[in-house]
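J.: Below you will find the structure I want to go over with you.
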Amino acid sequence: MKPIETVDKCTTCSTCVAYCPVTRATRAFKGPKLTGPSSERFRLFDETGGGEISEIEALDYCSNCKNCDIACPSGVKISTLNMLARADWCRKHKPPLRDWVLAHGRALGKLARRFPNWMVRLGSTNALSRLLLDKFGVDRRAPMPVFAERSFSEWMEAHNAGLSPTERRNLTKKAVFFPGCFVNDYDPQTGQDLVFLLEKAGYEVIVPDFQCCGVPLVANGFFDEAKAAAEANLAALVPHVASGDVPVLTVCPSCQLMLKQEYGEFFPDAPGLSAVVPHVQDACEFLIGLLESGELELDLREDATKLIYHAPCHLRAQGTGKPGLELLRMAEAHVEDARAGCCGISGSYGFKKEKYDVAATVGAELFQAVKDSGAARCVTDCGTCRIQISHHTGVPSLHPISWLRGLMK
């Protein structure tokens, strides 16, 4: 069902408002009900199609965290309505350069790797550059991730070239891995850890020529670019899934949500959509299946390190449970479920100067839970969640798959 078709399912019960973390954090946001279905009814009757009835300042404070969608008893796609309205506004009002930069991480990563890594790190962390970024609209207090010296795609190409003939013969099954921008450009290690585990189970890992999944493009108002990226990704994935039961694995909940759900909501007519969607799967969930079937056997060392697990909002929005947490428990890790809501970062949202404090307020309960737990590590599936949690708590964070790989003897 298209998001617009769900508008009249809204009964104005205000459940979404009660569960919206941004509404609790700032008065600048009018709330998901008013900016979403209530305003959409007016936008549908606006003959100009402009959607100008909602103030963009209020609409822009929606972080697309999906908590309103999770809470809605009527199944209204509230956050998607907000994103579509924002896209319509941004087609007529060009987003600022700051938002373009935050939406185009892959392009920036390619540019950054043209320079020495020390220069890139210095440019991201020194006081002068942070002051300039602050003037540019990226809060000087925000935890800036640093581009990896070598992207995951580059590592993967070298890795495949280095496989011996015997190693290749042992890889009798196939799995497609969609790494996403965060793993590709900032955190190649998580991708490397997944490849190691999949190859151990006999899977040849295929990394297609991918584009950004589109989440940051949609969130920052570059909807038409997101559509082009979606069509390119689907075109790249279709040949790999058409021949049989080949999974398309992700380690980022936002990438998975976009591929599996939001492509259908935003771009329902995109070619290849129906062929790809059934194959998209969380990598932790897939590894659990391999462990249960005996395809993957792990010799793990005992470890008494106390962990705390955070379930990202975009994972919870998919209703598939918490496979990362389940994977940790199968490995007999000493892990506590934080169960403390949103971290507030929402991709690029919490980096913006006008939203840094909002994001910090949204995540305050989670940060306190992490501190109170006494955990030595926080484990969560989302890359920007990891950055936000470590920034506000001082507790190092990593992906469940990387923790599992680290336990191997």
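Ordering of the structure tokens sets the chain letters (A, B, ...), residue numbers begin anew at 1 in every chain, and ligands are numbered from 1 in the order given.
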Residues at most 8 Å from stretch 170-178 of chain A, counting only C-alpha atoms, excluding those fewer than 3 positions away in the same chain, as an MDAnalysis selection string?
T.: chainID A and resid 166:167 199 202:208 210 240 246:250
J.: Which of stretch 163-216 of chain A counts as alpha helix (DSSP H) under DSSP, as a list in words please?
T.: Pro165, Thr166, Glu167, Arg168, Arg169, Asn170, Gly180, Cys181, Phe182, Val183, Asn184, Asp185, Pro188, Gln189, Thr190, Gly191, Gln192, Asp193, Leu194, Val195, Phe196, Leu197, Leu198, Glu199, Lys200, Val215 and Pro216 of chain A
J.: Counting only C-alpha atoms, figure out which residue out of A:Cys212, A:Val358, A:Cys378, A:Val276 gets nearest to A:Ser346.
T.: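 For A:Ser346, the nearest of the candidates is A:Val358.
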J.: How close does each residue of stretch 277-339 of chain A get to stretch 58-79 of chain A, giving the shortest atom pair and distance in Å to one decimal for every residue with an atom at most 12 Å away, counting only C-alpha atoms, sorted by chain and residue number, as CSV?
T.:
residue,atom,partner,partner_atom,distance
A:Pro312,CA,A:Cys65,CA,9.0
A:Cys313,CA,A:Cys65,CA,5.9
A:His314,CA,A:Cys65,CA,6.6
A:Leu315,CA,A:Lys66,CA,9.7
A:Arg316,CA,A:Ile70,CA,7.7
A:Ala317,CA,A:Ile70,CA,5.7
A:Gln318,CA,A:Ile70,CA,8.6
A:Gly319,CA,A:Ile70,CA,8.5
J.: Can you pull out every residue within 9 Å of A:Val335, counting only C-alpha atoms, but drop anything in the same chain fewer than 3 positions away, and send it as a list of chain:residue names?
T.: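 The contact residues come out as A:Thr305, A:Lys306, A:Leu307, A:Ile308, A:Tyr309, A:Leu325, A:Leu328, A:Arg329, A:Glu332, A:Ala375, A:Val379.
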J.: Identify which of the residues A:Arg377, A:Val7, A:Thr23, A:Ala112 lies closest to A:Leu398, counting only C-alpha atoms when measuring atom-to-atom distances.
T.: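 Ranked by minimum distance to A:Leu398, first place goes to A:Arg377.
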J.: Can you tell me which residues surround A:Ser274 at a distance of at most 12 Å, considering only C-alpha atoms, apart from same-chain residues fewer than 5 positions away, and format the answer as an mmCIF file with N, CA, C and O atoms, in the first residue's frame?
T.:
data_model
loop_
_atom_site.group_PDB
_atom_site.id
_atom_site.type_symbol
_atom_site.label_atom_id
_atom_site.label_comp_id
_atom_site.auth_asym_id
_atom_site.auth_seq_id
_atom_site.Cartn_x
_atom_site.Cartn_y
_atom_site.Cartn_z
ATOM 1 N N LEU A 234 19.100 -1.586 -7.754
ATOM 2 C CA LEU A 234 18.247 -2.706 -8.137
ATOM 3 C C LEU A 234 18.759 -3.365 -9.416
ATOM 4 O O LEU A 234 18.784 -4.591 -9.531
ATOM 5 N N ALA A 235 19.199 -2.538 -10.361
ATOM 6 C CA ALA A 235 19.736 -3.078 -11.613
ATOM 7 C C ALA A 235 20.997 -3.903 -11.358
ATOM 8 O O ALA A 235 21.236 -4.926 -12.025
ATOM 9 N N LEU A 237 21.648 -5.542 -8.553
ATOM 10 C CA LEU A 237 21.335 -6.710 -7.732
ATOM 11 C C LEU A 237 20.541 -7.781 -8.482
ATOM 12 O O LEU A 237 20.693 -8.980 -8.210
ATOM 13 N N VAL A 238 19.689 -7.376 -9.401
ATOM 14 C CA VAL A 238 18.805 -8.319 -10.097
ATOM 15 C C VAL A 238 19.548 -9.498 -10.724
ATOM 16 O O VAL A 238 19.138 -10.662 -10.551
ATOM 17 N N VAL A 241 20.385 -12.243 -8.064
ATOM 18 C CA VAL A 241 19.305 -12.959 -7.372
ATOM 19 C C VAL A 241 18.403 -13.704 -8.342
ATOM 20 O O VAL A 241 17.619 -14.568 -7.915
ATOM 21 N N ALA A 242 18.509 -13.389 -9.629
ATOM 22 C CA ALA A 242 17.604 -14.000 -10.608
ATOM 23 C C ALA A 242 17.870 -15.486 -10.796
ATOM 24 O O ALA A 242 16.968 -16.243 -11.178
ATOM 25 N N LEU A 259 16.305 -0.807 1.268
ATOM 26 C CA LEU A 259 16.203 -1.810 0.208
ATOM 27 C C LEU A 259 14.920 -2.618 0.303
ATOM 28 O O LEU A 259 14.254 -2.877 -0.712
ATOM 29 N N LYS A 260 14.558 -2.995 1.506
ATOM 30 C CA LYS A 260 13.464 -3.951 1.687
ATOM 31 C C LYS A 260 12.099 -3.291 1.786
ATOM 32 O O LYS A 260 11.084 -3.875 1.415
ATOM 33 N N GLN A 261 12.053 -2.062 2.296
ATOM 34 C CA GLN A 261 10.756 -1.435 2.549
ATOM 35 C C GLN A 261 10.582 -0.083 1.853
ATOM 36 O O GLN A 261 9.593 0.138 1.165
ATOM 37 N N TYR A 263 12.206 1.503 -0.593
ATOM 38 C CA TYR A 263 12.178 1.561 -2.056
ATOM 39 C C TYR A 263 10.748 1.371 -2.551
ATOM 40 O O TYR A 263 10.291 2.051 -3.474
ATOM 41 N N GLY A 264 10.033 0.442 -1.929
ATOM 42 C CA GLY A 264 8.654 0.194 -2.327
ATOM 43 C C GLY A 264 7.721 1.337 -1.981
ATOM 44 O O GLY A 264 6.726 1.569 -2.668
ATOM 45 N N PHE A 267 9.612 4.531 -4.238
ATOM 46 C CA PHE A 267 9.779 4.297 -5.682
ATOM 47 C C PHE A 267 9.083 2.990 -6.083
ATOM 48 O O PHE A 267 9.732 2.032 -6.514
ATOM 49 N N PRO A 268 7.772 2.912 -5.939
ATOM 50 C CA PRO A 268 7.061 1.636 -6.147
ATOM 51 C C PRO A 268 7.150 1.090 -7.561
ATOM 52 O O PRO A 268 6.928 -0.109 -7.765
ATOM 53 N N ASP A 269 7.462 1.953 -8.531
ATOM 54 C CA ASP A 269 7.531 1.495 -9.919
ATOM 55 C C ASP A 269 8.958 1.197 -10.371
ATOM 56 O O ASP A 269 9.194 0.964 -11.568
ATOM 57 N N HIS A 279 14.926 -11.162 -1.239
ATOM 58 C CA HIS A 279 16.254 -11.704 -0.947
ATOM 59 C C HIS A 279 17.011 -10.895 0.107
ATOM 60 O O HIS A 279 18.032 -11.363 0.620
ATOM 61 N N VAL A 280 16.543 -9.700 0.425
ATOM 62 C CA VAL A 280 17.261 -8.821 1.346
ATOM 63 C C VAL A 280 17.128 -9.346 2.770
ATOM 64 O O VAL A 280 16.033 -9.652 3.243
#
J.: Among stretch 220-340 of chain A, which residues carry a DSSP assignment of strand (DSSP E or B), reported as a PyMOL selection string?
T.: chain A and resi 248-250+280-282+300+306-310+334-337
J.: Would you list the contacts of A:Lys227 as a short mmCIF file (atom, residue, chain, number, x, y, z; two decimals) with C-alpha atoms, in the first residue's frame, taking every protein, DNA or RNA residue within 12 Å and counting only C-alpha atoms, but skipping same-chain residues closer than 2 positions in sequence?
T.:
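Here's the written file selection34.cif:
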data_model
loop_
_atom_site.label_atom_id
_atom_site.label_comp_id
_atom_site.auth_asym_id
_atom_site.auth_seq_id
_atom_site.Cartn_x
_atom_site.Cartn_y
_atom_site.Cartn_z
CA ALA A 87 11.10 16.08 -0.92
CA GLN A 211 25.39 3.31 -5.00
CA CYS A 212 24.34 4.87 -1.69
CA CYS A 213 21.14 3.13 -0.58
CA GLY A 214 19.46 6.55 -0.58
CA VAL A 215 18.68 7.13 3.11
CA LEU A 217 19.72 11.56 0.12
CA VAL A 218 16.05 11.29 1.06
CA GLY A 221 15.98 16.49 0.39
CA PHE A 222 17.69 14.98 -2.67
CA PHE A 223 14.82 12.72 -3.58
CA ASP A 224 15.41 12.51 -7.33
CA GLU A 225 19.02 11.48 -6.75
CA ALA A 229 20.50 5.47 -6.86
CA ALA A 230 17.67 3.04 -6.08
CA GLU A 231 17.24 2.15 -9.74
CA ALA A 232 21.00 1.65 -10.13
CA ASN A 233 21.19 -0.58 -7.05
CA LEU A 234 18.25 -2.71 -8.14
CA MET A 258 15.64 1.22 2.44
CA LEU A 259 16.20 -1.81 0.21
CA GLU A 262 11.33 2.18 1.60
CA TYR A 263 12.18 1.56 -2.06
CA GLY A 264 8.65 0.19 -2.33
CA GLU A 265 7.19 3.20 -0.49
CA PHE A 266 9.20 5.89 -2.27
CA PHE A 267 9.78 4.30 -5.68
CA PRO A 268 7.06 1.64 -6.15
CA ASP A 269 7.53 1.49 -9.92
CA ALA A 270 11.31 0.97 -9.82
CA PRO A 271 12.34 -1.90 -12.15
#
J.: Name the closest residue to A:Thr190 among the candidates A:Arg98, A:Met144, A:Pro216, A:Trp155; distances are taken between atoms, counting only C-alpha atoms.
T.: A:Trp155
J.: Could you check which of A:Ala376, A:Cys181, A:Leu198, A:Leu133 is closest to A:Cys255, using only C-alpha atoms?
T.: A:Cys181
